[in-house]
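A.B. asks: Structure file upload29.cif, mmCIF, C-alpha atoms, is pasted below:
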data_structure
loop_
_atom_site.label_atom_id
_atom_site.label_comp_id
_atom_site.auth_asym_id
_atom_site.auth_seq_id
_atom_site.Cartn_x
_atom_site.Cartn_y
_atom_site.Cartn_z
CA MET R 1 0.00 0.00 0.00
CA ALA R 2 1.30 3.36 -0.96
CA GLU R 3 1.88 5.91 1.73
CA LYS R 4 0.54 8.82 -0.25
CA LEU R 5 -2.29 9.70 -2.53
CA LYS R 6 -1.63 11.22 -5.91
CA LEU R 7 -4.06 14.06 -6.40
CA GLU R 8 -4.81 15.45 -9.84
CA LEU R 9 -7.16 18.35 -10.11
CA VAL R 10 -8.23 19.31 -13.61
CA THR R 11 -10.50 22.04 -14.96
CA PRO R 12 -11.30 22.81 -18.60
CA TYR R 13 -8.78 25.65 -18.51
CA LYS R 14 -5.81 23.95 -16.98
CA LYS R 15 -4.42 21.33 -14.73
CA VAL R 16 -4.73 23.07 -11.43
CA LEU R 17 -2.86 20.70 -9.26
CA SER R 18 -0.86 17.54 -9.40
CA ALA R 19 0.63 16.62 -6.07
CA GLU R 20 1.29 13.92 -3.53
CA VAL R 21 -1.01 14.34 -0.58
CA ASP R 22 -1.86 12.50 2.62
CA GLU R 23 -5.56 13.08 2.93
CA ILE R 24 -8.40 14.59 0.96
CA THR R 25 -11.78 15.77 2.13
CA ALA R 26 -14.47 16.77 -0.32
CA ASN R 27 -18.15 17.49 -0.54
CA GLY R 28 -19.84 14.71 -2.48
CA SER R 29 -23.39 14.61 -3.72
CA LEU R 30 -24.28 12.36 -0.79
CA GLY R 31 -22.38 14.36 1.77
CA GLU R 32 -18.89 15.10 2.89
CA PHE R 33 -16.33 12.33 2.73
CA GLY R 34 -12.65 11.80 3.31
CA VAL R 35 -10.14 9.73 1.39
CA LEU R 36 -6.97 8.21 2.79
CA PRO R 37 -4.33 6.14 1.01
CA GLY R 38 -5.55 2.64 0.30
CA HIS R 39 -9.11 3.70 -0.40
CA ALA R 40 -11.24 1.41 -2.53
CA ALA R 41 -11.93 2.43 -6.11
CA MET R 42 -14.73 4.93 -6.16
CA LEU R 43 -16.44 7.36 -8.44
CA THR R 44 -18.70 10.07 -7.18
CA ALA R 45 -20.22 13.39 -8.11
CA LEU R 46 -19.12 16.52 -6.30
CA LYS R 47 -21.32 19.37 -5.31
CA ILE R 48 -20.35 22.99 -5.06
CA GLY R 49 -18.18 22.94 -2.03
CA GLU R 50 -14.86 22.85 -0.40
CA LEU R 51 -12.02 20.50 -1.16
CA THR R 52 -9.35 20.12 1.47
CA TYR R 53 -6.10 18.26 1.21
CA LYS R 54 -3.31 17.66 3.65
CA GLN R 55 0.35 17.51 2.86
CA GLY R 56 2.16 16.68 6.06
CA ALA R 57 1.18 19.37 8.50
CA THR R 58 -0.06 21.89 5.97
CA VAL R 59 -3.70 21.94 5.07
CA SER R 60 -4.87 23.56 1.84
CA HIS R 61 -8.36 24.55 0.90
CA LEU R 62 -9.92 24.97 -2.50
CA ALA R 63 -13.34 26.18 -3.56
CA VAL R 64 -14.63 23.86 -6.25
CA ASN R 65 -17.62 24.01 -8.46
CA TRP R 66 -19.60 21.00 -9.66
CA GLY R 67 -17.54 18.04 -10.79
CA TYR R 68 -16.37 14.46 -10.39
CA PHE R 69 -14.11 12.64 -8.03
CA GLU R 70 -12.46 9.37 -8.84
CA VAL R 71 -10.22 7.17 -6.74
CA GLU R 72 -8.29 4.30 -8.19
CA ASP R 73 -5.06 2.74 -6.95
CA ASP R 74 -4.28 5.70 -4.73
CA THR R 75 -4.66 8.06 -7.64
CA VAL R 76 -7.34 10.64 -7.17
CA THR R 77 -8.63 12.41 -10.22
CA VAL R 78 -10.87 15.38 -9.67
CA LEU R 79 -12.67 16.91 -12.62
CA VAL R 80 -14.27 20.21 -11.78
CA GLN R 81 -15.52 23.22 -13.66
CA THR R 82 -13.67 25.70 -11.52
CA ALA R 83 -11.23 25.32 -8.68
CA GLU R 84 -9.79 28.21 -6.75
CA PRO R 85 -7.13 27.90 -4.10
CA ALA R 86 -8.02 29.85 -1.00
CA ASP R 87 -5.45 32.57 -1.59
CA GLU R 88 -6.66 33.25 -5.13
CA ILE R 89 -10.21 33.99 -4.19
CA ASP R 90 -11.41 37.51 -4.69
CA LEU R 91 -13.38 38.10 -1.53
CA GLU R 92 -14.89 41.37 -2.73
CA ARG R 93 -16.19 39.72 -5.85
CA ALA R 94 -17.64 36.83 -3.91
CA LYS R 95 -19.43 39.24 -1.58
CA ALA R 96 -20.81 41.19 -4.51
CA ALA R 97 -22.01 37.96 -6.12
CA LEU R 98 -23.64 36.95 -2.87
CA GLY R 99 -25.51 40.23 -2.71
CA ARG R 100 -26.66 39.93 -6.31
CA ALA R 101 -27.83 36.36 -5.86
CA GLU R 102 -29.73 37.21 -2.68
CA GLU R 103 -31.45 40.11 -4.38
CA ALA R 104 -32.47 37.98 -7.32
CA LEU R 105 -33.71 35.15 -5.13
CA LYS R 106 -36.00 37.46 -3.21
CA LYS R 107 -37.85 38.33 -6.38
CA LEU R 108 -38.14 34.82 -7.74
CA THR R 109 -40.32 31.92 -6.78
CA PRO R 110 -38.88 28.41 -6.53
CA GLU R 111 -40.77 27.48 -9.68
CA ASP R 112 -38.92 30.04 -11.74
CA LYS R 113 -36.43 28.75 -14.26
CA ASN R 114 -33.69 31.04 -13.04
CA PHE R 115 -34.19 30.16 -9.41
CA VAL R 116 -31.80 27.24 -9.58
CA VAL R 117 -29.22 29.34 -11.35
CA TYR R 118 -29.19 31.98 -8.65
CA GLU R 119 -29.30 29.42 -5.91
CA ALA R 120 -26.14 27.88 -7.34
CA ALA R 121 -24.56 31.31 -7.58
CA LEU R 122 -25.44 31.94 -3.95
CA GLU R 123 -23.89 28.66 -2.91
CA ARG R 124 -20.72 29.32 -4.87
CA ALA R 125 -20.33 32.73 -3.32
CA LEU R 126 -20.83 31.33 0.17
CA ILE R 127 -18.26 28.60 -0.36
CA ARG R 128 -15.75 31.04 -1.76
CA MET R 129 -16.13 33.26 1.26
CA GLN R 130 -15.87 30.32 3.60
CA VAL R 131 -12.70 29.04 1.96
CA ALA R 132 -11.16 32.49 1.76
CA GLY R 133 -11.88 32.95 5.42
CA LYS R 134 -9.91 29.84 6.25
CA ALA R 135 -6.95 31.09 4.28
CA ALA R 136 -6.95 34.34 6.21
CA ARG R 137 -6.98 32.62 9.58
CA ARG R 138 -4.07 30.39 8.75
CA MET Y 1 4.80 53.28 -70.09
CA PRO Y 2 3.43 54.48 -66.77
CA THR Y 3 4.75 57.79 -65.58
CA LEU Y 4 7.34 58.10 -62.83
CA LYS Y 5 4.84 59.64 -60.51
CA SER Y 6 2.27 56.89 -60.90
CA ILE Y 7 4.86 54.18 -60.24
CA LYS Y 8 6.04 55.96 -57.14
CA LYS Y 9 2.47 56.15 -55.92
CA ARG Y 10 1.96 52.45 -56.44
CA ILE Y 11 5.12 51.58 -54.58
CA GLY Y 12 3.86 53.70 -51.70
CA SER Y 13 0.50 51.96 -51.59
CA VAL Y 14 2.02 48.48 -51.76
CA LYS Y 15 4.34 49.43 -48.92
CA ASN Y 16 1.35 50.47 -46.87
CA THR Y 17 -0.36 47.17 -47.53
CA ARG Y 18 2.78 45.32 -46.57
CA GLN Y 19 2.87 47.15 -43.30
CA ILE Y 20 -0.67 46.08 -42.54
CA THR Y 21 -0.15 42.45 -43.46
CA LYS Y 22 3.03 42.34 -41.43
CA ALA Y 23 1.28 43.75 -38.40
CA MET Y 24 -1.61 41.33 -38.81
CA LYS Y 25 0.82 38.47 -39.03
CA MET Y 26 2.48 39.51 -35.83
CA VAL Y 27 -0.84 39.87 -34.03
CA SER Y 28 -1.97 36.46 -35.26
CA ALA Y 29 1.26 34.90 -34.13
CA ALA Y 30 0.73 36.19 -30.62
CA LYS Y 31 -2.91 35.14 -30.59
CA LEU Y 32 -2.02 31.77 -32.00
CA ARG Y 33 0.36 31.12 -29.16
CA ARG Y 34 -2.34 31.89 -26.65
CA ALA Y 35 -4.90 29.80 -28.47
CA GLN Y 36 -2.49 26.91 -28.68
CA GLU Y 37 -1.86 27.09 -24.97
CA ASN Y 38 -5.59 26.95 -24.39
CA VAL Y 39 -5.94 23.88 -26.56
CA VAL Y 40 -3.16 22.13 -24.70
CA ALA Y 41 -4.56 23.19 -21.34
CA ALA Y 42 -7.99 21.82 -22.15
CA ARG Y 43 -6.65 18.46 -23.19
CA PRO Y 44 -6.20 16.80 -19.77
CA TYR Y 45 -9.76 17.59 -18.78
CA ALA Y 46 -11.22 16.20 -21.97
CA GLY Y 47 -8.98 13.16 -21.75
CA LYS Y 48 -9.83 12.37 -18.16
CA LEU Y 49 -13.50 12.87 -18.77
CA ALA Y 50 -13.44 10.49 -21.69
CA GLU Y 51 -11.60 7.98 -19.51
CA VAL Y 52 -14.16 8.17 -16.72
CA LEU Y 53 -16.98 8.08 -19.22
CA GLY Y 54 -15.57 5.04 -20.93
CA ARG Y 55 -15.40 3.18 -17.64
CA LEU Y 56 -18.91 4.20 -16.69
CA ALA Y 57 -20.49 3.46 -20.01
CA GLN Y 58 -19.63 -0.21 -19.82
CA ASN Y 59 -22.58 -2.44 -19.24
CA VAL Y 60 -25.10 0.34 -19.00
CA SER Y 61 -28.27 0.22 -21.02
CA SER Y 62 -29.10 3.11 -23.28
CA ASP Y 63 -32.21 4.17 -21.39
CA VAL Y 64 -30.38 5.81 -18.48
CA SER Y 65 -30.01 8.99 -20.44
CA PRO Y 66 -31.96 10.38 -23.37
CA LEU Y 67 -28.64 11.38 -24.88
CA LEU Y 68 -27.84 7.77 -25.66
CA GLN Y 69 -31.09 7.19 -27.48
CA GLU Y 70 -30.80 6.17 -31.10
CA ARG Y 71 -33.77 7.34 -33.08
CA PRO Y 72 -34.62 6.85 -36.73
CA LYS Y 73 -32.44 9.23 -38.70
CA GLU Y 74 -34.78 11.87 -39.95
CA ARG Y 75 -33.79 15.29 -38.75
CA LEU Y 76 -30.20 16.32 -38.53
CA LEU Y 77 -28.57 19.37 -37.05
CA LEU Y 78 -25.16 20.37 -38.32
CA ILE Y 79 -23.11 22.75 -36.24
CA VAL Y 80 -20.57 24.60 -38.34
CA ILE Y 81 -17.78 26.49 -36.67
CA THR Y 82 -16.13 29.24 -38.69
CA SER Y 83 -14.37 32.43 -37.75
CA ASP Y 84 -15.96 35.83 -37.31
CA ARG Y 85 -13.37 37.62 -39.36
CA GLY Y 86 -11.92 37.13 -42.78
CA LEU Y 87 -8.42 37.54 -44.18
CA CYS Y 88 -7.31 34.10 -43.20
CA GLY Y 89 -6.76 32.37 -46.48
CA GLY Y 90 -8.96 29.44 -47.34
CA PHE Y 91 -9.92 28.80 -43.74
CA ASN Y 92 -13.58 29.77 -43.98
CA ALA Y 93 -14.05 28.95 -47.63
CA ASN Y 94 -12.94 25.39 -47.08
CA ILE Y 95 -15.19 24.73 -44.13
CA CYS Y 96 -18.17 26.36 -45.83
CA LYS Y 97 -17.64 24.25 -48.90
CA ALA Y 98 -17.36 21.14 -46.78
CA ALA Y 99 -20.60 22.03 -44.99
CA ASP Y 100 -22.33 22.70 -48.28
CA ARG Y 101 -21.17 19.40 -49.68
CA PHE Y 102 -22.18 17.50 -46.57
CA LEU Y 103 -25.65 18.98 -46.61
CA LYS Y 104 -26.16 18.27 -50.29
CA GLU Y 105 -24.94 14.71 -49.97
CA HIS Y 106 -27.24 13.98 -47.09
CA ALA Y 107 -30.25 15.81 -48.43
CA ARG Y 108 -31.81 12.61 -49.61
CA GLU Y 109 -30.98 10.55 -46.56
CA TYR Y 110 -32.62 12.86 -44.07
CA LYS Y 111 -35.99 14.49 -44.14
CA GLU Y 112 -34.80 17.69 -42.64
CA LEU Y 113 -31.41 19.30 -42.39
CA SER Y 114 -30.79 22.27 -40.17
CA VAL Y 115 -27.66 24.26 -39.54
CA MET Y 116 -26.37 26.06 -36.51
CA ALA Y 117 -23.67 28.49 -37.52
CA ILE Y 118 -21.03 29.56 -35.06
CA GLY Y 119 -19.04 32.44 -36.48
CA ARG Y 120 -20.15 35.20 -38.80
CA LYS Y 121 -18.43 33.97 -41.94
CA GLY Y 122 -20.18 30.64 -41.94
CA TYR Y 123 -23.51 32.26 -41.22
CA ASP Y 124 -23.12 34.68 -44.12
CA PHE Y 125 -22.29 31.87 -46.48
CA LEU Y 126 -24.89 29.36 -45.37
CA LYS Y 127 -27.89 31.54 -44.60
CA ASN Y 128 -28.99 31.83 -48.19
CA ARG Y 129 -28.22 28.27 -49.14
CA HIS Y 130 -29.54 26.18 -46.29
CA LYS Y 131 -31.84 26.32 -43.34
CA VAL Y 132 -29.90 28.07 -40.63
CA VAL Y 133 -31.86 27.82 -37.43
CA LYS Y 134 -29.46 29.53 -35.13
CA ASN Y 135 -26.27 31.51 -35.22
CA HIS Y 136 -23.74 32.55 -32.64
CA THR Y 137 -21.37 35.31 -33.57
CA ASN Y 138 -18.72 37.23 -31.71
CA ILE Y 139 -18.10 34.58 -29.13
CA GLN Y 140 -14.71 33.51 -30.32
CA SER Y 141 -12.65 36.57 -29.57
CA ASN Y 142 -13.20 36.00 -25.89
CA LEU Y 143 -13.89 32.34 -25.62
CA ASN Y 144 -14.60 30.69 -22.30
CA TYR Y 145 -16.09 27.48 -21.07
CA GLN Y 146 -19.38 29.08 -20.07
CA THR Y 147 -20.21 30.10 -23.63
CA ALA Y 148 -19.43 26.65 -24.92
CA ALA Y 149 -21.52 25.12 -22.15
CA LEU Y 150 -24.47 27.34 -23.02
CA ILE Y 151 -24.35 26.32 -26.66
CA ALA Y 152 -24.05 22.68 -25.68
CA GLN Y 153 -27.00 22.94 -23.33
CA GLU Y 154 -29.07 24.52 -26.06
CA VAL Y 155 -28.23 21.65 -28.38
CA ILE Y 156 -28.92 19.06 -25.71
CA GLU Y 157 -32.27 20.61 -24.91
CA SER Y 158 -33.40 20.57 -28.49
CA PHE Y 159 -32.20 17.02 -28.88
CA VAL Y 160 -34.04 15.86 -25.80
CA ALA Y 161 -37.12 17.75 -26.89
CA ASP Y 162 -37.07 15.59 -30.00
CA GLU Y 163 -36.38 18.41 -32.42
CA TYR Y 164 -33.44 16.61 -33.97
CA ASP Y 165 -32.48 12.97 -34.22
CA GLU Y 166 -28.81 13.55 -34.76
CA VAL Y 167 -26.33 16.33 -34.18
CA HIS Y 168 -23.05 16.65 -36.00
CA LEU Y 169 -20.25 19.08 -35.48
CA LEU Y 170 -18.09 20.40 -38.31
CA PHE Y 171 -14.98 22.39 -37.52
CA ASN Y 172 -11.39 23.08 -38.44
CA ALA Y 173 -9.12 21.08 -36.19
CA PHE Y 174 -5.74 22.54 -35.49
CA ARG Y 175 -2.95 20.36 -36.88
CA SER Y 176 -0.09 22.75 -37.35
CA VAL Y 177 0.33 26.41 -38.12
CA MET Y 178 0.24 25.63 -41.81
CA SER Y 179 -2.54 23.11 -41.96
CA GLN Y 180 -6.01 22.54 -40.61
CA ASP Y 181 -8.08 19.42 -40.82
CA ILE Y 182 -11.74 19.70 -41.48
CA THR Y 183 -13.27 17.40 -38.92
CA LEU Y 184 -16.77 16.05 -38.67
CA ASP Y 185 -17.77 14.70 -35.28
CA LYS Y 186 -21.00 13.06 -34.33
CA LEU Y 187 -22.12 14.79 -31.19
CA LEU Y 188 -25.46 13.21 -30.46
CA PRO Y 189 -26.67 10.61 -29.78
CA ILE Y 190 -23.62 9.38 -27.95
CA THR Y 191 -22.61 5.97 -29.15
CA SER Y 192 -21.10 3.98 -26.35
CA SER Y 193 -17.92 2.26 -27.35
CA ALA Y 194 -18.97 -0.87 -25.53
CA GLY Y 195 -17.29 -4.17 -25.99
CA GLU Y 196 -13.69 -3.76 -26.95
CA GLU Y 197 -12.51 -2.49 -23.56
CA GLU Y 198 -10.25 -4.65 -21.38
CA MET Y 199 -11.71 -7.00 -18.83
CA LEU Y 200 -14.06 -5.91 -16.12
CA PRO Y 201 -12.92 -2.76 -14.37
CA PRO Y 202 -11.97 -2.95 -10.73
CA GLN Y 203 -14.89 -2.97 -8.38
CA TYR Y 204 -15.98 0.60 -8.08
CA ILE Y 205 -18.06 2.24 -5.45
CA TYR Y 206 -20.52 4.50 -7.19
CA GLU Y 207 -22.12 7.37 -5.42
CA PRO Y 208 -24.91 7.85 -6.43
CA SER Y 209 -25.65 4.94 -8.75
CA GLN Y 210 -23.78 4.27 -11.94
CA GLY Y 211 -26.71 5.22 -14.11
CA GLU Y 212 -27.30 8.50 -12.34
CA LEU Y 213 -23.65 9.40 -12.59
CA LEU Y 214 -23.61 8.65 -16.26
CA ALA Y 215 -26.73 10.68 -16.88
CA GLU Y 216 -25.02 13.63 -15.25
CA LEU Y 217 -21.72 13.10 -16.95
CA LEU Y 218 -22.95 12.86 -20.52
CA PRO Y 219 -24.06 16.48 -20.87
CA LYS Y 220 -20.63 17.49 -19.57
CA HIS Y 221 -19.10 15.38 -22.24
CA ILE Y 222 -21.02 17.28 -24.90
CA GLU Y 223 -20.01 20.60 -23.37
CA VAL Y 224 -16.37 19.62 -23.39
CA GLN Y 225 -16.58 18.48 -26.99
CA VAL Y 226 -18.08 21.76 -28.08
CA PHE Y 227 -15.53 23.69 -26.04
CA ARG Y 228 -12.67 21.75 -27.49
CA ALA Y 229 -13.94 22.18 -31.04
CA LEU Y 230 -14.19 25.93 -30.48
CA LEU Y 231 -10.70 26.13 -29.06
CA GLU Y 232 -9.28 24.14 -31.92
CA SER Y 233 -11.10 26.24 -34.45
CA VAL Y 234 -9.79 29.46 -32.91
CA ALA Y 235 -6.24 28.17 -32.92
CA ALA Y 236 -6.59 26.97 -36.49
CA GLU Y 237 -8.00 30.34 -37.52
CA HIS Y 238 -5.04 32.24 -36.16
CA GLY Y 239 -2.66 29.76 -37.74
CA ALA Y 240 -4.37 30.14 -41.09
CA ARG Y 241 -4.34 33.91 -40.81
CA MET Y 242 -0.71 33.95 -39.91
CA THR Y 243 0.22 31.88 -42.95
CA ALA Y 244 -2.01 33.93 -45.22
CA MET Y 245 -0.54 37.19 -43.98
CA ASP Y 246 2.95 35.84 -44.27
CA SER Y 247 2.49 34.99 -47.92
CA ALA Y 248 0.76 38.32 -48.49
CA SER Y 249 3.80 40.12 -47.07
CA LYS Y 250 6.05 38.09 -49.30
CA ASN Y 251 3.96 38.95 -52.34
CA ALA Y 252 4.10 42.60 -51.40
CA ASN Y 253 7.87 42.45 -51.17
CA GLU Y 254 8.07 40.89 -54.58
CA MET Y 255 5.79 43.51 -56.05
CA ILE Y 256 7.79 46.30 -54.52
CA SER Y 257 11.02 45.07 -56.02
CA LYS Y 258 9.37 44.71 -59.41
CA LEU Y 259 7.93 48.19 -59.24
CA THR Y 260 11.24 49.62 -58.07
CA LEU Y 261 12.93 48.11 -61.08
CA GLN Y 262 10.29 49.60 -63.33
CA TYR Y 263 10.68 52.95 -61.62
CA ASN Y 264 14.45 52.98 -62.07
CA ARG Y 265 14.11 52.07 -65.72
CA ALA Y 266 11.63 54.84 -66.31
CA ARG Y 267 13.89 57.31 -64.52
CA GLN Y 268 16.86 56.22 -66.61
CA ALA Y 269 14.83 56.62 -69.80
CA ALA Y 270 13.78 60.10 -68.78
CA ILE Y 271 17.39 61.14 -68.10
CA THR Y 272 18.58 59.74 -71.39
CA LYS Y 273 15.82 61.54 -73.20
CA GLU Y 274 16.69 64.83 -71.57
CA LEU Y 275 20.39 64.43 -72.37
CA MET Y 276 19.60 63.70 -75.99
CA GLU Y 277 17.54 66.85 -76.17
CA ILE Y 278 20.31 69.00 -74.70
CA ILE Y 279 22.94 67.52 -77.00
CA SER Y 280 20.85 67.87 -80.08
CA GLY Y 281 20.03 71.48 -79.08
CA ALA Y 282 23.73 72.27 -78.68
CA GLU Y 283 24.49 70.63 -82.00
CA SER Y 284 21.96 72.78 -83.80
CA ILE Y 285 23.39 76.00 -82.34
CA LYS Y 286 26.92 75.03 -83.41
CA GLY Y 287 25.84 74.22 -86.89
#
Let me see whether you can do it: turn the structure in this file into structure tokens.
C.D. replies:
Amino acid sequence: MAEKLKLELVTPYKKVLSAEVDEITANGSLGEFGVLPGHAAMLTALKIGELTYKQGATVSHLAVNWGYFEVEDDTVTVLVQTAEPADEIDLERAKAALGRAEEALKKLTPEDKNFVVYEAALERALIRMQVAGKAARR
Amino acid sequence: MPTLKSIKKRIGSVKNTRQITKAMKMVSAAKLRRAQENVVAARPYAGKLAEVLGRLAQNVSSDVSPLLQERPKERLLLIVITSDRGLCGGFNANICKAADRFLKEHAREYKELSVMAIGRKGYDFLKNRHKVVKNHTNIQSNLNYQTAALIAQEVIESFVADEYDEVHLLFNAFRSVMSQDITLDKLLPITSSAGEEEMLPPQYIYEPSQGELLAELLPKHIEVQVFRALLESVAAEHGARMTAMDSASKNANEMISKLTLQYNRARQAAITKELMEIISGAESIKG
């Protein structure tokens, strides 16, 4: 059994990350889960959420948007639409997006076609702020 | 024999043109580099997605997702990707011709052929010849995944709504700076490449179920395909423009040297003529 997990994080724009890590925590469609070396092969959908990985004592956070998470032979492949490391997040922008989404949601009913869109935007903004907050505390 | 002045004027105008083509070449070269980087950057994602999809698609029946549904071939949608701007050699002409040929060849096979044009040049060419249902222009100068995803979703929606039975994608794939390949991809329905894969994959844990995952993954696959095609087309466009502008600059150089030769000859002739006049004048006074 390998001691480390190989994490590959890919978005349509670039390969964000390719690193050896000790532990990964992510927000799956059925809830949060953690992966350690030696995990069984698995494929799952990711929700908008936070992805955390540990390298030794350092913990890194990323805000990820909708995607997939695959484990096989201690290789973890994460396919996401966007991934932002905590220190790259524009907090002002996230706050502005949050405000916009909240405004829009007030006017809409859950039946509206755009409701889901704004709800997702709201969630993204919240996650970004949450992740950015963690970076600041560190 | 053109006059000295007119030749000089022509040299000036050709020089101006050369300056423009040179500048355009330089701009295209820079843009090409960026576009190429984008193509390369998008590759891992597309590759990984195809990998995951391939694994998932094994032993799954086609009724998990409407995108896998094979229907009788009656209505076809062809998506043609061209550039918004001209001056790039045969880039647009070739793809338009290919689209035209494809549509004519398949006119008998299908009851209804529709076209979605991406890029102004293709739209201009095809709108009077075929049934263009939709066009997207001015998206390529600032291309991002969201735009591609929106187009893909639109296509998926109309496919699911039973407006089309098949969707094909025609675009210029980027091979090298000098050459582009006209590529025709079948976008929908997705044909699962079942069978020839290696033995059973390792036991996977699927969360949620395999079918649900696949149903969610397939639209992404379409999005990525559209995105990739757009990226390739943009890179190919800049490559084609760069080559076209390069040869235009060369032609201009050639023309300038020809005109300069002509100009010098004309100047020489004028001097000789003047000398003759002076000499003959002097002769007549003497005599």
A.B. asks: Find the spatial neighbours of range 253-264 of chain Y, counting all atoms listed in the file, within a cut-off of 9 Å - ignore same-chain residues fewer than 6 positions away - and output them as a short mmCIF file (atom, residue, chain, number, x, y, z; two decimals) with C-alpha atoms, in the coordinates of the input.
C.D. replies:
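Everything below was put into around.cif:
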data_model
loop_
_atom_site.label_atom_id
_atom_site.label_comp_id
_atom_site.auth_asym_id
_atom_site.auth_seq_id
_atom_site.Cartn_x
_atom_site.Cartn_y
_atom_site.Cartn_z
CA THR Y 3 4.75 57.79 -65.58
CA LEU Y 4 7.34 58.10 -62.83
CA LYS Y 5 4.84 59.64 -60.51
CA ILE Y 7 4.86 54.18 -60.24
CA LYS Y 8 6.04 55.96 -57.14
CA ARG Y 10 1.96 52.45 -56.44
CA ILE Y 11 5.12 51.58 -54.58
CA GLY Y 12 3.86 53.70 -51.70
CA VAL Y 14 2.02 48.48 -51.76
CA LYS Y 15 4.34 49.43 -48.92
CA ARG Y 18 2.78 45.32 -46.57
#
A.B. asks: Wanna dump the chain R-chain Y contacts at 7 Å for me, each residue with its shortest atom pair and the distance in Å to one decimal, counting all atoms listed in the file, ordered by chain and number, as a tab-separated table?
C.D. replies:
residue	atom	partner	partner_atom	distance
R:Val10	CA	Y:Tyr45	CA	5.7
R:Thr11	CA	Y:Tyr45	CA	5.9
R:Pro12	CA	Y:Ala42	CA	5.0
R:Tyr13	CA	Y:Ala42	CA	5.3
R:Lys14	CA	Y:Ala41	CA	4.6
R:Lys15	CA	Y:Ala41	CA	6.9
R:Ala41	CA	Y:Tyr204	CA	4.9
R:Met42	CA	Y:Ile205	CA	4.3
R:Leu43	CA	Y:Tyr206	CA	5.1
R:Thr44	CA	Y:Glu207	CA	4.7
R:Ala45	CA	Y:Glu207	CA	6.9
R:Leu79	CA	Y:Tyr45	CA	6.8
A.B. asks: Just write the chosen residues, C-alpha atoms, as a PDB file, in the coordinates of the input.
C.D. replies:
ATOM      1  CA  VAL R  10      -8.230  19.310 -13.610  1.00  0.00           C
ATOM      2  CA  THR R  11     -10.500  22.040 -14.960  1.00  0.00           C
ATOM      3  CA  PRO R  12     -11.300  22.810 -18.600  1.00  0.00           C
ATOM      4  CA  TYR R  13      -8.780  25.650 -18.510  1.00  0.00           C
ATOM      5  CA  LYS R  14      -5.810  23.950 -16.980  1.00  0.00           C
ATOM      6  CA  LYS R  15      -4.420  21.330 -14.730  1.00  0.00           C
ATOM      7  CA  ALA R  41     -11.930   2.430  -6.110  1.00  0.00           C
ATOM      8  CA  MET R  42     -14.730   4.930  -6.160  1.00  0.00           C
ATOM      9  CA  LEU R  43     -16.440   7.360  -8.440  1.00  0.00           C
ATOM     10  CA  THR R  44     -18.700  10.070  -7.180  1.00  0.00           C
ATOM     11  CA  ALA R  45     -20.220  13.390  -8.110  1.00  0.00           C
ATOM     12  CA  LEU R  79     -12.670  16.910 -12.620  1.00  0.00           C
TER      13      LEU R  79
END
A.B. asks: What is the CA of Gly28 in chain R to CA of Tyr68 in chain R distance in Å?
C.D. replies: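 Distance reported for this atom pair: 8.6 Å.
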A.B. asks: Determine the nearest neighbour of Leu113 in chain Y from the options Y:Ala149, Y:Ala244, Y:Leu76, Y:Ile285, counting all atoms listed in the file.
C.D. replies: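 Between Y:Ala149, Y:Ala244, Y:Leu76, Y:Ile285, the residue approaching Leu113 in chain Y most closely is Y:Leu76.
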A.B. asks: Near range 168-170 of chain Y, within 8 Å and counting only C-alpha atoms, which residues show up once chain neighbours fewer than 6 positions away are dropped, as a VMD selection string?
C.D. replies: chain Y and resid 76 to 81 95 99 182 to 188
A.B. asks: Kindly save the residues from that selection, with C-alpha atoms included, as a CSV table (one decimal), in the frame of the given file.
C.D. replies:
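Output below, filename out_39.csv:
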chain,number,residue,atom,x,y,z
Y,76,LEU,CA,-30.2,16.3,-38.5
Y,77,LEU,CA,-28.6,19.4,-37.0
Y,78,LEU,CA,-25.2,20.4,-38.3
Y,79,ILE,CA,-23.1,22.8,-36.2
Y,80,VAL,CA,-20.6,24.6,-38.3
Y,81,ILE,CA,-17.8,26.5,-36.7
Y,95,ILE,CA,-15.2,24.7,-44.1
Y,99,ALA,CA,-20.6,22.0,-45.0
Y,182,ILE,CA,-11.7,19.7,-41.5
Y,183,THR,CA,-13.3,17.4,-38.9
Y,184,LEU,CA,-16.8,16.0,-38.7
Y,185,ASP,CA,-17.8,14.7,-35.3
Y,186,LYS,CA,-21.0,13.1,-34.3
Y,187,LEU,CA,-22.1,14.8,-31.2
Y,188,LEU,CA,-25.5,13.2,-30.5
A.B. asks: Suppose a student applies the PyMOL selection byres ((chain R and resi 34) around 6) to this structure; what residues should they get, written as a tab-separated table (two decimals) with C-alpha atoms, in the coordinates of the input?
C.D. replies:
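Final file, selection-v1.tsv:
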chain	number	residue	atom	x	y	z
R	24	ILE	CA	-8.40	14.59	0.96
R	25	THR	CA	-11.78	15.77	2.13
R	33	PHE	CA	-16.33	12.33	2.73
R	35	VAL	CA	-10.14	9.73	1.39
A.B. asks: Evaluate the PyMOL selection byres ((chain R and resi 104) around 12) and record the selected residues as a list in words, following the chain and residue labels used in the document.
C.D. replies: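 Applying the PyMOL selection byres ((chain R and resi 104) around 12) to the structure shown produces Ala97, Leu98, Gly99, Arg100, Ala101, Glu102, Glu103, Leu105, Lys106, Lys107, Leu108, Thr109, Pro110, Asp112, Asn114, Phe115, Val116, Val117, Tyr118, Glu119, Ala120, Ala121 and Leu122 of chain R.
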A.B. asks: Taking into account all atoms listed in the file, which residue in the set R:Arg128, R:Lys4, R:Lys95, R:Lys134 is nearest to Asn65 in chain R?
C.D. replies: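 Of R:Arg128, R:Lys4, R:Lys95, R:Lys134, the one nearest Asn65 in chain R, counting all atoms listed in the file, is R:Arg128.
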